[in-house]
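Okay, so here's the structure we're looking at.
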Amino acid sequence: MKKRKKEYNSIFSILAKMLDALAEEESLEVIEKKMRLKKEINKSLLNTAYSWFYEKLNANKIKNDKKIQSLSIRYLSEEEIDLIGIENNNRLLKLYNIGLLTNSDIDLIVNQIHLYPYDQMTKDEMNILVLSSLFFMENLPFPELGNSFQLSEKIN
């Protein structure tokens, strides 16, 4: 019996995979080229995801160029780090350093973290929060997590 390959046919799965690679410090262009080679990737959704990330990075760069760059970053408290875990905290810092996240994005994520009902977040749960803050995806289905739900339903 042949093992079925994992398909990346939802916008969320492609965005999450790209977010993971960005957090591992790969460039957006390299990520897109690698994913384009995979047959199981829906090319139309890949193009959409790539353009969303590219536009977000450019928007943040333009926003930062127009105003004086803040020399401060919103660091998480020990309690917040305990809730999300060291790995997720490091991912947030990496995404901030490459310009994908702004201080406002981190504040939004932290506000959502305080509503989170569990002891510690997984990487997938953090991806939901990060992607929702970047792309306002509160009402998109997340099939990789087993069902379709709104982000607010997951948090509450």
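Numbering starts fresh at 1 for the residues of each chain in the structure tokens, the chains themselves are lettered A, B, ... in the order given, and ligands are numbered from 1 as they appear.
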
- Item | Test item: residues at most 10 Å from Ile31 (chain A), only C-alpha atoms, excluding those fewer than 5 positions along its chain, as an MDAnalysis selection string | chainID A and resid 17:22 26 36 50

Please, could you write that set of residues out with N, CA and C atoms as a compact mmCIF listing (two decimals), in the first residue's frame?
```txt
# COMPACT_ATOMS: atom_id res chain seq x y z
N LYS A 17 3.84 26.75 6.70
CA LYS A 17 5.13 26.20 6.27
C LYS A 17 6.11 27.33 5.94
N MET A 18 5.62 28.38 5.29
CA MET A 18 6.49 29.52 4.97
C MET A 18 6.92 30.25 6.25
N LEU A 19 6.00 30.38 7.19
CA LEU A 19 6.33 31.03 8.46
C LEU A 19 7.41 30.25 9.21
N ASP A 20 7.27 28.92 9.23
CA ASP A 20 8.28 28.08 9.87
C ASP A 20 9.66 28.29 9.24
N ALA A 21 9.70 28.33 7.91
CA ALA A 21 10.97 28.51 7.22
C ALA A 21 11.55 29.90 7.47
N LEU A 22 10.70 30.93 7.50
CA LEU A 22 11.18 32.28 7.81
C LEU A 22 11.76 32.33 9.21
N GLU A 26 15.40 31.39 6.64
CA GLU A 26 15.51 31.24 5.20
C GLU A 26 14.87 32.47 4.56
N ARG A 36 7.88 25.46 -4.68
CA ARG A 36 7.41 25.36 -6.06
C ARG A 36 7.82 24.00 -6.67
N TYR A 50 2.91 33.66 -1.01
CA TYR A 50 4.14 34.40 -1.25
C TYR A 50 3.86 35.90 -1.34
```

- Item | Contact residues around Ala23 (chain A) with only C-alpha atoms at 9 Å, ignoring same-chain residues under 5 positions, as a ChimeraX atom specification | /A:18,90-95,98

Write out, as a Markdown table, each residue of region 23-94 of chain A that has an atom at most 10 Å from region 110-127 of chain A, together with the closest pair of atoms and their distance in Å to one decimal, counting only C-alpha atoms, rows going by chain and rising number.
```
| residue | atom | partner | partner_atom | distance |
| --- | --- | --- | --- | --- |
| A:Arg74 | CA | A:Val110 | CA | 9.5 |
| A:Tyr75 | CA | A:Val110 | CA | 9.9 |
| A:Leu76 | CA | A:Val110 | CA | 7.9 |
| A:Ser77 | CA | A:Val110 | CA | 9.9 |
| A:Glu79 | CA | A:His114 | CA | 9.9 |
| A:Glu80 | CA | A:Ile113 | CA | 7.6 |
| A:Ile81 | CA | A:Gln120 | CA | 9.1 |
| A:Asp82 | CA | A:Gln120 | CA | 7.0 |
| A:Leu83 | CA | A:Gln120 | CA | 4.6 |
| A:Ile84 | CA | A:Met121 | CA | 4.9 |
| A:Gly85 | CA | A:Gln120 | CA | 6.5 |
| A:Glu87 | CA | A:Lys123 | CA | 8.2 |
| A:Asn88 | CA | A:Lys123 | CA | 6.5 |
| A:Asn89 | CA | A:Met126 | CA | 9.6 |
| A:Arg91 | CA | A:Lys123 | CA | 9.3 |
| A:Leu92 | CA | A:Met126 | CA | 9.2 |
```

Saved selection, atoms kept: C-alpha atoms, as a short mmCIF file (atom, residue, chain, number, x, y, z; two decimals), in the first residue's frame:
```cif
data_model
loop_
_atom_site.label_atom_id
_atom_site.label_comp_id
_atom_site.auth_asym_id
_atom_site.auth_seq_id
_atom_site.Cartn_x
_atom_site.Cartn_y
_atom_site.Cartn_z
CA ARG A 74 8.30 44.52 23.27
CA TYR A 75 9.93 41.71 25.27
CA LEU A 76 7.69 39.14 26.86
CA SER A 77 7.47 38.78 30.62
CA GLU A 79 4.95 34.57 32.74
CA GLU A 80 4.27 35.09 29.02
CA ILE A 81 7.40 33.16 28.04
CA ASP A 82 6.32 30.30 30.33
CA LEU A 83 2.95 30.27 28.57
CA ILE A 84 4.29 30.19 25.01
CA GLY A 85 7.61 28.45 25.65
CA GLU A 87 11.06 28.12 21.32
CA ASN A 88 7.99 30.17 20.43
CA ASN A 89 9.49 33.25 22.09
CA ARG A 91 10.55 32.44 16.85
CA LEU A 92 8.74 35.72 17.62
#
```

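Counting only C-alpha atoms, the residue from A:Leu100, A:Lys33, A:Leu45, A:Glu24 that sits nearest to Asn58 (chain A) is A:Leu100.
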
- May I have the residues within 10 Å of Ile73 (chain A) as a PyMOL selection string, using only C-alpha atoms and disregarding those fewer than 3 positions away in the same chain? chain A and resi 70+76+93+96-97+102-104+106

- Query: When distances are computed from only C-alpha atoms, which of A:Ile14, A:Asn60, A:Ser72, A:Val30 shows the smallest separation from Asn47 (chain A)?
  - Reply: A:Ile14

- Message: So the first atom is CA of Leu108 (chain A) and the second is CA of Val130 (chain A); what is the distance between them in Å, to one decimal place?
- Response: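 If I compute the distance from CA of Leu108 (chain A) to CA of Val130 (chain A), I get 9.0 Å.
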